[in-house]
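Content type TSV, N, CA and C atoms, from the file work19.tsv:
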```
chain	number	residue	atom	x	y	z
A	1154	MET	N	-19.86	-10.85	-18.34
A	1154	MET	CA	-18.56	-10.21	-18.27
A	1154	MET	C	-17.87	-10.55	-16.96
A	1155	SER	N	-18.63	-10.60	-15.89
A	1155	SER	CA	-18.06	-10.91	-14.58
A	1155	SER	C	-17.33	-12.25	-14.60
A	1156	THR	N	-17.98	-13.26	-15.12
A	1156	THR	CA	-17.38	-14.59	-15.18
A	1156	THR	C	-16.16	-14.59	-16.08
A	1157	ALA	N	-16.26	-13.93	-17.21
A	1157	ALA	CA	-15.14	-13.89	-18.16
A	1157	ALA	C	-13.91	-13.24	-17.53
A	1158	THR	N	-14.10	-12.11	-16.83
A	1158	THR	CA	-12.94	-11.44	-16.24
A	1158	THR	C	-12.34	-12.26	-15.10
A	1159	LYS	N	-13.17	-13.00	-14.38
A	1159	LYS	CA	-12.64	-13.86	-13.31
A	1159	LYS	C	-11.79	-14.98	-13.89
A	1160	ILE	N	-12.24	-15.56	-14.99
A	1160	ILE	CA	-11.47	-16.62	-15.64
A	1160	ILE	C	-10.18	-16.05	-16.22
A	1161	LEU	N	-10.29	-14.94	-16.94
A	1161	LEU	CA	-9.10	-14.33	-17.53
A	1161	LEU	C	-8.10	-13.87	-16.47
A	1162	HIS	N	-8.62	-13.41	-15.33
A	1162	HIS	CA	-7.72	-12.99	-14.25
A	1162	HIS	C	-6.87	-14.16	-13.75
A	1163	THR	N	-7.44	-15.36	-13.70
A	1163	THR	CA	-6.65	-16.52	-13.25
A	1163	THR	C	-5.53	-16.82	-14.23
A	1164	LEU	N	-5.74	-16.52	-15.51
A	1164	LEU	CA	-4.70	-16.76	-16.52
A	1164	LEU	C	-3.69	-15.63	-16.58
A	1165	TYR	N	-4.16	-14.39	-16.39
A	1165	TYR	CA	-3.31	-13.21	-16.51
A	1165	TYR	C	-3.52	-12.28	-15.32
A	1166	PRO	N	-3.12	-12.70	-14.12
A	1166	PRO	CA	-3.43	-11.92	-12.91
A	1166	PRO	C	-2.75	-10.55	-12.83
A	1167	LYS	N	-1.70	-10.35	-13.60
A	1167	LYS	CA	-1.01	-9.06	-13.52
A	1167	LYS	C	-1.59	-8.01	-14.47
A	1168	ILE	N	-2.51	-8.43	-15.36
A	1168	ILE	CA	-3.03	-7.45	-16.32
A	1168	ILE	C	-4.55	-7.42	-16.43
A	1169	ILE	N	-5.24	-8.50	-16.05
A	1169	ILE	CA	-6.70	-8.54	-16.20
A	1169	ILE	C	-7.36	-8.42	-14.83
A	1170	PRO	N	-8.11	-7.35	-14.60
A	1170	PRO	CA	-8.84	-7.21	-13.33
A	1170	PRO	C	-10.12	-8.04	-13.34
A	1171	MET	N	-10.61	-8.34	-12.16
A	1171	MET	CA	-11.92	-8.99	-12.05
A	1171	MET	C	-12.96	-7.88	-11.92
A	1172	ILE	N	-13.77	-7.74	-12.92
A	1172	ILE	CA	-14.79	-6.69	-12.92
A	1172	ILE	C	-16.13	-7.37	-12.67
A	1173	ASP	N	-16.47	-7.48	-11.39
A	1173	ASP	CA	-17.68	-8.20	-11.01
A	1173	ASP	C	-18.92	-7.31	-11.18
A	1174	ASN	N	-20.07	-7.91	-10.94
A	1174	ASN	CA	-21.34	-7.21	-11.16
A	1174	ASN	C	-21.49	-5.93	-10.34
A	1175	PRO	N	-21.14	-5.92	-9.04
A	1175	PRO	CA	-21.28	-4.65	-8.30
A	1175	PRO	C	-20.40	-3.53	-8.87
A	1176	LEU	N	-19.20	-3.88	-9.34
A	1176	LEU	CA	-18.33	-2.86	-9.93
A	1176	LEU	C	-18.92	-2.37	-11.25
A	1177	GLN	N	-19.47	-3.27	-12.05
A	1177	GLN	CA	-20.11	-2.86	-13.30
A	1177	GLN	C	-21.29	-1.93	-13.02
A	1178	LYS	N	-22.08	-2.27	-12.01
A	1178	LYS	CA	-23.24	-1.45	-11.65
A	1178	LYS	C	-22.80	-0.05	-11.22
A	1179	LYS	N	-21.77	0.03	-10.37
A	1179	LYS	CA	-21.26	1.31	-9.90
A	1179	LYS	C	-20.71	2.12	-11.07
A	1180	TYR	N	-20.00	1.46	-11.96
A	1180	TYR	CA	-19.45	2.12	-13.14
A	1180	TYR	C	-20.58	2.72	-13.99
A	1181	LEU	N	-21.64	1.96	-14.19
A	1181	LEU	CA	-22.78	2.41	-14.98
A	1181	LEU	C	-23.49	3.59	-14.32
A	1182	GLU	N	-23.60	3.55	-12.98
A	1182	GLU	CA	-24.30	4.61	-12.25
A	1182	GLU	C	-23.50	5.89	-12.14
A	1183	VAL	N	-22.20	5.78	-11.91
A	1183	VAL	CA	-21.40	6.95	-11.55
A	1183	VAL	C	-20.51	7.46	-12.68
A	1184	ILE	N	-19.94	6.56	-13.46
A	1184	ILE	CA	-18.93	6.98	-14.42
A	1184	ILE	C	-19.47	7.11	-15.84
A	1185	ASN	N	-20.21	6.10	-16.30
A	1185	ASN	CA	-20.62	6.09	-17.69
A	1185	ASN	C	-22.02	5.48	-17.79
A	1186	ASP	N	-23.04	6.31	-17.78
A	1186	ASP	CA	-24.41	5.80	-17.72
A	1186	ASP	C	-24.92	5.22	-19.03
A	1187	VAL	N	-24.13	5.27	-20.09
A	1187	VAL	CA	-24.53	4.65	-21.35
A	1187	VAL	C	-23.69	3.41	-21.67
A	1188	TRP	N	-22.83	3.03	-20.74
A	1188	TRP	CA	-21.96	1.86	-20.97
A	1188	TRP	C	-22.79	0.58	-21.06
A	1189	THR	N	-22.38	-0.29	-21.96
A	1189	THR	CA	-22.97	-1.62	-22.07
A	1189	THR	C	-21.85	-2.64	-22.21
A	1190	GLU	N	-22.17	-3.89	-22.01
A	1190	GLU	CA	-21.16	-4.94	-22.16
A	1190	GLU	C	-20.69	-5.05	-23.61
A	1191	LYS	N	-21.43	-4.48	-24.53
A	1191	LYS	CA	-20.97	-4.46	-25.93
A	1191	LYS	C	-19.76	-3.55	-26.10
A	1192	ARG	N	-19.59	-2.63	-25.16
A	1192	ARG	CA	-18.42	-1.74	-25.16
A	1192	ARG	C	-17.54	-2.07	-23.96
A	1193	VAL	N	-17.20	-3.34	-23.84
A	1193	VAL	CA	-16.42	-3.81	-22.70
A	1193	VAL	C	-15.07	-3.10	-22.61
A	1194	ASP	N	-14.54	-2.67	-23.74
A	1194	ASP	CA	-13.25	-1.98	-23.73
A	1194	ASP	C	-13.28	-0.71	-22.89
A	1195	LYS	N	-14.40	-0.01	-22.87
A	1195	LYS	CA	-14.49	1.27	-22.15
A	1195	LYS	C	-14.26	1.10	-20.65
A	1196	ILE	N	-14.86	0.07	-20.07
A	1196	ILE	CA	-14.70	-0.13	-18.63
A	1196	ILE	C	-13.25	-0.49	-18.30
A	1197	PHE	N	-12.58	-1.25	-19.17
A	1197	PHE	CA	-11.18	-1.58	-18.96
A	1197	PHE	C	-10.29	-0.35	-19.08
A	1198	ILE	N	-10.56	0.46	-20.09
A	1198	ILE	CA	-9.76	1.68	-20.28
A	1198	ILE	C	-9.89	2.59	-19.05
A	1199	ASP	N	-11.10	2.78	-18.58
A	1199	ASP	CA	-11.30	3.62	-17.40
A	1199	ASP	C	-10.68	3.01	-16.16
A	1200	PHE	N	-10.73	1.69	-16.04
A	1200	PHE	CA	-10.10	0.99	-14.91
A	1200	PHE	C	-8.61	1.29	-14.89
A	1201	TYR	N	-7.96	1.14	-16.04
A	1201	TYR	CA	-6.52	1.38	-16.11
A	1201	TYR	C	-6.19	2.87	-15.99
A	1202	ASP	N	-7.07	3.74	-16.50
A	1202	ASP	CA	-6.84	5.18	-16.33
A	1202	ASP	C	-6.82	5.55	-14.85
A	1203	ASN	N	-7.60	4.86	-14.04
A	1203	ASN	CA	-7.59	5.08	-12.60
A	1203	ASN	C	-6.20	4.82	-12.02
A	1204	LEU	N	-5.52	3.83	-12.59
A	1204	LEU	CA	-4.18	3.50	-12.09
A	1204	LEU	C	-3.12	4.50	-12.56
A	1205	LYS	N	-3.46	5.31	-13.58
A	1205	LYS	CA	-2.52	6.32	-14.06
A	1205	LYS	C	-2.48	7.54	-13.16
A	1206	ILE	N	-3.50	7.72	-12.36
A	1206	ILE	CA	-3.54	8.87	-11.44
A	1206	ILE	C	-2.42	8.68	-10.42
A	1207	GLU	N	-1.55	9.66	-10.32
A	1207	GLU	CA	-0.34	9.52	-9.53
A	1207	GLU	C	-0.62	9.11	-8.08
A	1208	SER	N	-1.59	9.72	-7.45
A	1208	SER	CA	-1.87	9.39	-6.04
A	1208	SER	C	-2.38	7.95	-5.91
A	1209	ASN	N	-3.21	7.50	-6.85
A	1209	ASN	CA	-3.68	6.12	-6.82
A	1209	ASN	C	-2.52	5.14	-6.99
A	1210	ARG	N	-1.67	5.43	-7.97
A	1210	ARG	CA	-0.52	4.56	-8.23
A	1210	ARG	C	0.43	4.55	-7.03
A	1211	LYS	N	0.66	5.71	-6.44
A	1211	LYS	CA	1.54	5.80	-5.28
A	1211	LYS	C	0.99	5.00	-4.11
A	1212	ASN	N	-0.30	5.13	-3.84
A	1212	ASN	CA	-0.92	4.38	-2.74
A	1212	ASN	C	-0.92	2.88	-3.02
A	1213	LEU	N	-1.18	2.51	-4.24
A	1213	LEU	CA	-1.17	1.09	-4.61
A	1213	LEU	C	0.23	0.51	-4.44
A	1214	ASN	N	1.25	1.23	-4.88
A	1214	ASN	CA	2.62	0.76	-4.71
A	1214	ASN	C	2.99	0.66	-3.23
A	1215	TYR	N	2.50	1.58	-2.43
A	1215	TYR	CA	2.76	1.53	-0.99
A	1215	TYR	C	2.17	0.26	-0.38
A	1216	ILE	N	0.91	-0.03	-0.72
A	1216	ILE	CA	0.27	-1.24	-0.20
A	1216	ILE	C	1.02	-2.49	-0.69
A	1217	PHE	N	1.37	-2.50	-1.96
A	1217	PHE	CA	2.10	-3.64	-2.53
A	1217	PHE	C	3.41	-3.86	-1.77
A	1218	ASP	N	4.16	-2.79	-1.53
A	1218	ASP	CA	5.43	-2.90	-0.81
A	1218	ASP	C	5.22	-3.38	0.62
A	1219	LYS	N	4.19	-2.88	1.29
A	1219	LYS	CA	3.91	-3.32	2.67
A	1219	LYS	C	3.56	-4.80	2.71
A	1220	LEU	N	2.81	-5.27	1.73
A	1220	LEU	CA	2.49	-6.70	1.68
A	1220	LEU	C	3.75	-7.53	1.47
A	1221	LEU	N	4.64	-7.06	0.60
A	1221	LEU	CA	5.90	-7.77	0.40
A	1221	LEU	C	6.73	-7.81	1.68
A	1222	GLU	N	6.77	-6.70	2.41
A	1222	GLU	CA	7.49	-6.65	3.68
A	1222	GLU	C	6.95	-7.66	4.68
A	1223	ASN	N	5.66	-7.95	4.57
A	1223	ASN	CA	5.02	-8.91	5.47
A	1223	ASN	C	4.90	-10.29	4.85
A	1224	ASN	N	5.72	-10.53	3.83
A	1224	ASN	CA	5.85	-11.83	3.18
A	1224	ASN	C	4.56	-12.30	2.49
A	1225	ILE	N	3.77	-11.35	2.02
A	1225	ILE	CA	2.59	-11.68	1.23
A	1225	ILE	C	2.95	-11.34	-0.22
A	1226	GLN	N	3.33	-12.35	-0.97
A	1226	GLN	CA	3.93	-12.11	-2.27
A	1226	GLN	C	3.07	-12.55	-3.45
A	1227	HIS	N	1.94	-13.14	-3.19
A	1227	HIS	CA	1.18	-13.72	-4.29
A	1227	HIS	C	0.13	-12.78	-4.89
A	1228	LEU	N	0.00	-11.57	-4.39
A	1228	LEU	CA	-1.00	-10.64	-4.92
A	1228	LEU	C	-0.37	-9.66	-5.91
A	1229	SER	N	-0.94	-9.58	-7.08
A	1229	SER	CA	-0.49	-8.58	-8.05
A	1229	SER	C	-1.10	-7.23	-7.69
A	1230	ARG	N	-0.56	-6.19	-8.27
A	1230	ARG	CA	-1.11	-4.86	-8.03
A	1230	ARG	C	-2.57	-4.79	-8.52
A	1231	ILE	N	-2.84	-5.44	-9.65
A	1231	ILE	CA	-4.21	-5.45	-10.17
A	1231	ILE	C	-5.14	-6.13	-9.18
A	1232	ARG	N	-4.70	-7.24	-8.59
A	1232	ARG	CA	-5.55	-7.95	-7.62
A	1232	ARG	C	-5.76	-7.10	-6.37
A	1233	ILE	N	-4.73	-6.41	-5.92
A	1233	ILE	CA	-4.87	-5.53	-4.76
A	1233	ILE	C	-5.90	-4.44	-5.07
A	1234	PHE	N	-5.83	-3.86	-6.25
A	1234	PHE	CA	-6.79	-2.84	-6.65
A	1234	PHE	C	-8.20	-3.42	-6.69
A	1235	ASP	N	-8.33	-4.65	-7.19
A	1235	ASP	CA	-9.63	-5.34	-7.18
A	1235	ASP	C	-10.16	-5.48	-5.75
A	1236	ILE	N	-9.31	-5.89	-4.85
A	1236	ILE	CA	-9.71	-6.08	-3.45
A	1236	ILE	C	-10.15	-4.75	-2.84
A	1237	LEU	N	-9.42	-3.70	-3.12
A	1237	LEU	CA	-9.79	-2.38	-2.60
A	1237	LEU	C	-11.15	-1.95	-3.13
A	1238	TRP	N	-11.40	-2.14	-4.42
A	1238	TRP	CA	-12.70	-1.79	-5.01
A	1238	TRP	C	-13.81	-2.61	-4.38
A	1239	TRP	N	-13.57	-3.93	-4.28
A	1239	TRP	CA	-14.58	-4.81	-3.70
A	1239	TRP	C	-14.88	-4.40	-2.26
A	1240	SER	N	-13.86	-4.09	-1.50
A	1240	SER	CA	-14.04	-3.69	-0.10
A	1240	SER	C	-14.84	-2.39	0.00
A	1241	TYR	N	-14.52	-1.44	-0.85
A	1241	TYR	CA	-15.25	-0.18	-0.87
A	1241	TYR	C	-16.73	-0.41	-1.18
A	1242	LEU	N	-16.99	-1.21	-2.22
A	1242	LEU	CA	-18.38	-1.46	-2.61
A	1242	LEU	C	-19.13	-2.24	-1.55
A	1243	LYS	N	-18.47	-3.18	-0.90
A	1243	LYS	CA	-19.09	-3.96	0.18
A	1243	LYS	C	-19.43	-3.05	1.36
A	1244	ALA	N	-18.49	-2.18	1.73
A	1244	ALA	CA	-18.75	-1.26	2.84
A	1244	ALA	C	-19.89	-0.32	2.50
A	1245	GLU	N	-19.94	0.16	1.28
A	1245	GLU	CA	-21.02	1.04	0.85
A	1245	GLU	C	-22.37	0.33	0.92
A	1246	LYS	N	-22.41	-0.92	0.47
A	1246	LYS	CA	-23.65	-1.70	0.50
A	1246	LYS	C	-24.12	-1.94	1.94
A	1247	LEU	N	-23.19	-2.28	2.84
A	1247	LEU	CA	-23.56	-2.51	4.24
A	1247	LEU	C	-24.02	-1.22	4.91
A	1248	ARG	N	-23.42	-0.10	4.53
A	1248	ARG	CA	-23.85	1.19	5.09
A	1248	ARG	C	-25.27	1.50	4.64
A	1249	GLU	N	-25.57	1.25	3.36
A	1249	GLU	CA	-26.91	1.54	2.83
A	1249	GLU	C	-27.95	0.58	3.38
A	1250	GLU	N	-27.64	-0.72	3.41
A	1250	GLU	CA	-28.64	-1.73	3.79
A	1250	GLU	C	-28.79	-1.90	5.29
A	1251	LYS	N	-27.70	-1.79	6.03
A	1251	LYS	CA	-27.76	-2.12	7.46
A	1251	LYS	C	-27.29	-0.98	8.36
A	1252	GLY	N	-26.94	0.14	7.77
A	1252	GLY	CA	-26.51	1.28	8.58
A	1252	GLY	C	-25.16	1.09	9.24
A	1253	ILE	N	-24.35	0.18	8.73
A	1253	ILE	CA	-23.02	-0.06	9.31
A	1253	ILE	C	-22.05	0.96	8.73
A	1254	ASN	N	-21.40	1.68	9.60
A	1254	ASN	CA	-20.39	2.66	9.19
A	1254	ASN	C	-19.03	2.10	9.57
A	1255	TRP	N	-18.25	1.72	8.56
A	1255	TRP	CA	-16.95	1.08	8.84
A	1255	TRP	C	-16.01	1.99	9.61
A	1256	ASN	N	-16.18	3.29	9.51
A	1256	ASN	CA	-15.32	4.21	10.27
A	1256	ASN	C	-15.53	4.10	11.76
A	1257	SER	N	-16.68	3.57	12.17
A	1257	SER	CA	-16.98	3.50	13.58
A	1257	SER	C	-16.59	2.16	14.23
A	1258	ILE	N	-16.10	1.23	13.42
A	1258	ILE	CA	-15.72	-0.09	13.95
A	1258	ILE	C	-14.36	0.00	14.61
A	1259	LYS	N	-14.28	-0.44	15.86
A	1259	LYS	CA	-13.02	-0.43	16.60
A	1259	LYS	C	-12.19	-1.64	16.21
A	1260	CYS	N	-10.91	-1.40	16.00
A	1260	CYS	CA	-9.99	-2.51	15.64
A	1260	CYS	C	-9.31	-3.06	16.89
```
Go ahead and render the structure in this file as C-alpha coordinates.
Amino acid sequence: MSTATKILHTLYPKIIPMIDNPLQKKYLEVINDVWTEKRVDKIFIDFYDNLKIESNRKNLNYIFDKLLENNIQHLSRIRIFDILWWSYLKAEKLREEKGINWNSIKC
(Lines of atoms letter the chains of each structure in order from A and count residues from 1; the text may use other names and numbers.)
(Lines give C-alpha, C1' and ligand atoms only; values in the text may rest on other atoms or scores of the structure.)
Protein backbone atom coordinates (compact mmCIF):
# COMPACT_ATOMS: atom_id res chain seq x y z
CA MET A 1 0.00 0.00 0.00
CA SER A 2 2.84 2.37 0.82
CA THR A 3 4.31 2.11 -2.68
CA ALA A 4 0.91 2.39 -4.33
CA THR A 5 -0.01 5.58 -2.48
CA LYS A 6 3.38 7.13 -3.27
CA ILE A 7 2.88 6.43 -6.98
CA LEU A 8 -0.72 7.63 -6.95
CA HIS A 9 0.30 10.76 -5.05
CA THR A 10 2.66 11.73 -7.89
CA LEU A 11 -0.28 11.48 -10.30
CA TYR A 12 -2.89 13.10 -8.05
CA PRO A 13 -1.04 15.17 -5.42
CA LYS A 14 -4.08 17.20 -4.41
CA ILE A 15 -6.24 14.20 -3.48
CA ILE A 16 -4.10 11.11 -2.76
CA PRO A 17 -2.00 11.13 0.43
CA MET A 18 1.14 9.08 0.86
CA ILE A 19 0.29 6.54 3.53
CA ASP A 20 3.65 5.02 4.35
CA ASN A 21 4.38 2.07 6.62
CA PRO A 22 4.90 4.05 9.87
CA LEU A 23 1.55 5.80 9.36
CA GLN A 24 -0.16 2.46 8.66
CA LYS A 25 1.39 1.00 11.81
CA LYS A 26 0.26 3.97 13.94
CA TYR A 27 -3.22 3.76 12.43
CA LEU A 28 -3.41 0.04 13.27
CA GLU A 29 -2.17 0.60 16.85
CA VAL A 30 -4.16 3.68 17.80
CA ILE A 31 -7.18 4.13 15.56
CA ASN A 32 -8.33 0.80 14.15
CA ASP A 33 -6.72 -2.37 15.50
CA VAL A 34 -8.58 -4.63 13.07
CA TRP A 35 -7.68 -2.69 9.93
CA THR A 36 -6.03 -4.58 7.09
CA GLU A 37 -4.86 -3.59 3.64
CA LYS A 38 -7.89 -5.46 2.32
CA ARG A 39 -9.92 -2.58 3.75
CA VAL A 40 -7.74 0.15 2.32
CA ASP A 41 -10.76 2.42 2.00
CA LYS A 42 -11.06 2.72 5.80
CA ILE A 43 -7.66 4.32 6.29
CA PHE A 44 -8.40 6.83 3.50
CA ILE A 45 -11.80 7.69 4.95
CA ASP A 46 -10.29 8.28 8.39
CA PHE A 47 -7.44 10.30 6.85
CA TYR A 48 -9.91 12.63 5.14
CA ASP A 49 -12.16 12.75 8.22
CA ASN A 50 -9.16 14.20 10.05
CA LEU A 51 -9.20 17.07 7.57
CA LYS A 52 -12.89 17.71 8.29
CA ILE A 53 -12.12 18.66 11.88
CA GLU A 54 -12.37 22.44 11.87
CA SER A 55 -9.23 23.10 13.91
CA ASN A 56 -7.16 20.75 11.72
CA ARG A 57 -8.48 22.35 8.55
CA LYS A 58 -7.90 25.85 9.94
CA ASN A 59 -4.31 25.05 10.93
CA LEU A 60 -3.62 23.37 7.60
CA ASN A 61 -4.96 26.38 5.70
CA TYR A 62 -2.81 28.66 7.86
CA ILE A 63 0.33 26.69 7.02
CA PHE A 64 -0.63 26.58 3.33
CA ASP A 65 -1.13 30.37 3.27
CA LYS A 66 2.18 30.99 5.06
CA LEU A 67 4.01 28.82 2.53
CA LEU A 68 2.40 30.78 -0.31
CA GLU A 69 3.47 34.05 1.33
CA ASN A 70 7.02 32.72 1.33
CA ASN A 71 6.78 31.74 -2.34
CA ILE A 72 6.57 28.00 -1.69
CA GLN A 73 3.81 27.10 -4.10
CA HIS A 74 4.38 23.50 -5.10
CA LEU A 75 2.96 21.78 -1.99
CA SER A 76 -0.67 20.73 -1.90
CA ARG A 77 -2.59 20.72 1.34
CA ILE A 78 -2.57 16.92 1.25
CA ARG A 79 1.23 16.90 0.91
CA ILE A 80 1.58 19.36 3.79
CA PHE A 81 -0.60 17.10 5.94
CA ASP A 82 1.59 14.14 4.91
CA ILE A 83 4.72 16.05 5.95
CA LEU A 84 3.18 16.94 9.30
CA TRP A 85 2.25 13.30 9.96
CA TRP A 86 5.68 12.08 8.90
CA SER A 87 7.38 14.67 11.12
CA TYR A 88 5.24 13.72 14.10
CA LEU A 89 5.96 10.01 13.65
CA LYS A 90 9.68 10.64 13.13
CA ALA A 91 9.87 12.76 16.29
CA GLU A 92 7.98 10.10 18.24
CA LYS A 93 10.36 7.38 17.00
CA LEU A 94 13.45 9.43 17.92
CA ARG A 95 12.01 10.15 21.36
CA GLU A 96 11.38 6.44 21.96
CA GLU A 97 14.64 5.11 20.48
CA LYS A 98 17.14 7.82 21.38
CA GLY A 99 15.47 9.92 24.05
CA ILE A 100 15.43 13.00 21.83
CA ASN A 101 12.73 15.46 22.84
CA TRP A 102 12.07 17.88 19.99
CA ASN A 103 10.63 20.43 22.42
CA SER A 104 14.05 20.82 23.97
CA ILE A 105 15.93 21.57 20.73
CA LYS A 106 16.96 25.21 20.46
CA CYS A 107 16.33 26.90 17.11
Q. Atom CA of Met1171 of chain A and atom CA of Ile1231 of chain A, how far apart in Å?
A.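 These atoms are spaced 8.7 Å apart.
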Q: Please report, as a ChimeraX atom specification, each residue of chain A to which DSSP assigns helix (DSSP H, G or I) when run on this structure's backbone.
A: /A:1155-1164,1174-1184,1190-1205,1207-1222,1230-1251,1255-1257
(Q) So the first atom is atom N of Lys1167 of chain A and the second is atom N of Arg1230 of chain A; what is the distance between them in Å, to one decimal place? (A)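 For atom N of Lys1167 of chain A relative to atom N of Arg1230 of chain A, the distance reads 6.9 Å.
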Q.
Please list as a ChimeraX atom specification every residue within 12 Å of Lys1246 of chain A, counting only C-alpha atoms and excluding residues in the same chain fewer than 5 positions away.
A. /A:1175-1176,1179,1239-1241,1251-1255
Q: Go through A:Asp1202, A:Glu1182, A:Glu1190, A:Asp1218 and flag the residue nearest Met1154 of chain A, using only N, CA and C atoms for the distances.
A: A:Glu1190
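The shortest atom-to-atom distance to Ser1155 of chain A, with only C-alpha atoms taken into account, belongs to A:Val1193 out of A:Leu1181, A:Leu1220, A:Ile1233, A:Val1193.
Remark: for Tyr1180 of chain A, the closest of the candidate residues A:Ala1157, A:Ser1208, A:Ile1196, A:Leu1237 is A:Ile1196 (distances computed over only N, CA and C atoms).
Atom CA of Glu1245 of chain A lies 13.2 Å from atom C of Asn1174 of chain A.
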As JSON, please: the centre and edge lengths in Å, to one decimal, of an axis-aligned box enclosing every listed atom of segment 1161-1166 of chain A with 8 Å added on each side.
```
{"center_x": -6.5, "center_y": -13.7, "center_z": -15.2, "size_x": 23.5, "size_y": 22.3, "size_z": 20.7}
```
How would segment 1174-1185 of chain A read, as a PDB file, keeping the file's coordinate frame, once N, CA, C and O atoms are built in?
```pdb
ATOM      1  N   ASN A1174     -20.070  -7.910 -10.940  1.00  0.00           N
ATOM      2  CA  ASN A1174     -21.340  -7.210 -11.160  1.00  0.00           C
ATOM      3  C   ASN A1174     -21.490  -5.930 -10.340  1.00  0.00           C
ATOM      4  O   ASN A1174     -21.940  -4.912 -10.884  1.00  0.00           O
ATOM      5  N   PRO A1175     -21.140  -5.920  -9.040  1.00  0.00           N
ATOM      6  CA  PRO A1175     -21.280  -4.650  -8.300  1.00  0.00           C
ATOM      7  C   PRO A1175     -20.400  -3.530  -8.870  1.00  0.00           C
ATOM      8  O   PRO A1175     -20.820  -2.373  -8.908  1.00  0.00           O
ATOM      9  N   LEU A1176     -19.200  -3.880  -9.340  1.00  0.00           N
ATOM     10  CA  LEU A1176     -18.330  -2.860  -9.930  1.00  0.00           C
ATOM     11  C   LEU A1176     -18.920  -2.370 -11.250  1.00  0.00           C
ATOM     12  O   LEU A1176     -18.913  -1.172 -11.532  1.00  0.00           O
ATOM     13  N   GLN A1177     -19.470  -3.270 -12.050  1.00  0.00           N
ATOM     14  CA  GLN A1177     -20.110  -2.860 -13.300  1.00  0.00           C
ATOM     15  C   GLN A1177     -21.290  -1.930 -13.020  1.00  0.00           C
ATOM     16  O   GLN A1177     -21.477  -0.929 -13.710  1.00  0.00           O
ATOM     17  N   LYS A1178     -22.080  -2.270 -12.010  1.00  0.00           N
ATOM     18  CA  LYS A1178     -23.240  -1.450 -11.650  1.00  0.00           C
ATOM     19  C   LYS A1178     -22.800  -0.050 -11.220  1.00  0.00           C
ATOM     20  O   LYS A1178     -23.361   0.954 -11.648  1.00  0.00           O
ATOM     21  N   LYS A1179     -21.770   0.030 -10.370  1.00  0.00           N
ATOM     22  CA  LYS A1179     -21.260   1.310  -9.900  1.00  0.00           C
ATOM     23  C   LYS A1179     -20.710   2.120 -11.070  1.00  0.00           C
ATOM     24  O   LYS A1179     -20.949   3.323 -11.187  1.00  0.00           O
ATOM     25  N   TYR A1180     -20.000   1.460 -11.960  1.00  0.00           N
ATOM     26  CA  TYR A1180     -19.450   2.120 -13.140  1.00  0.00           C
ATOM     27  C   TYR A1180     -20.580   2.720 -13.990  1.00  0.00           C
ATOM     28  O   TYR A1180     -20.502   3.865 -14.412  1.00  0.00           O
ATOM     29  N   LEU A1181     -21.640   1.960 -14.190  1.00  0.00           N
ATOM     30  CA  LEU A1181     -22.780   2.410 -14.980  1.00  0.00           C
ATOM     31  C   LEU A1181     -23.490   3.590 -14.320  1.00  0.00           C
ATOM     32  O   LEU A1181     -23.870   4.549 -14.975  1.00  0.00           O
ATOM     33  N   GLU A1182     -23.600   3.550 -12.980  1.00  0.00           N
ATOM     34  CA  GLU A1182     -24.300   4.610 -12.250  1.00  0.00           C
ATOM     35  C   GLU A1182     -23.500   5.890 -12.140  1.00  0.00           C
ATOM     36  O   GLU A1182     -24.043   6.983 -12.245  1.00  0.00           O
ATOM     37  N   VAL A1183     -22.200   5.780 -11.910  1.00  0.00           N
ATOM     38  CA  VAL A1183     -21.400   6.950 -11.550  1.00  0.00           C
ATOM     39  C   VAL A1183     -20.510   7.460 -12.680  1.00  0.00           C
ATOM     40  O   VAL A1183     -20.360   8.660 -12.857  1.00  0.00           O
ATOM     41  N   ILE A1184     -19.940   6.560 -13.460  1.00  0.00           N
ATOM     42  CA  ILE A1184     -18.930   6.980 -14.420  1.00  0.00           C
ATOM     43  C   ILE A1184     -19.470   7.110 -15.840  1.00  0.00           C
ATOM     44  O   ILE A1184     -19.223   8.089 -16.527  1.00  0.00           O
ATOM     45  N   ASN A1185     -20.210   6.100 -16.300  1.00  0.00           N
ATOM     46  CA  ASN A1185     -20.620   6.090 -17.690  1.00  0.00           C
ATOM     47  C   ASN A1185     -22.020   5.480 -17.790  1.00  0.00           C
ATOM     48  O   ASN A1185     -22.158   4.272 -17.914  1.00  0.00           O
TER      49      ASN A1185
END
```
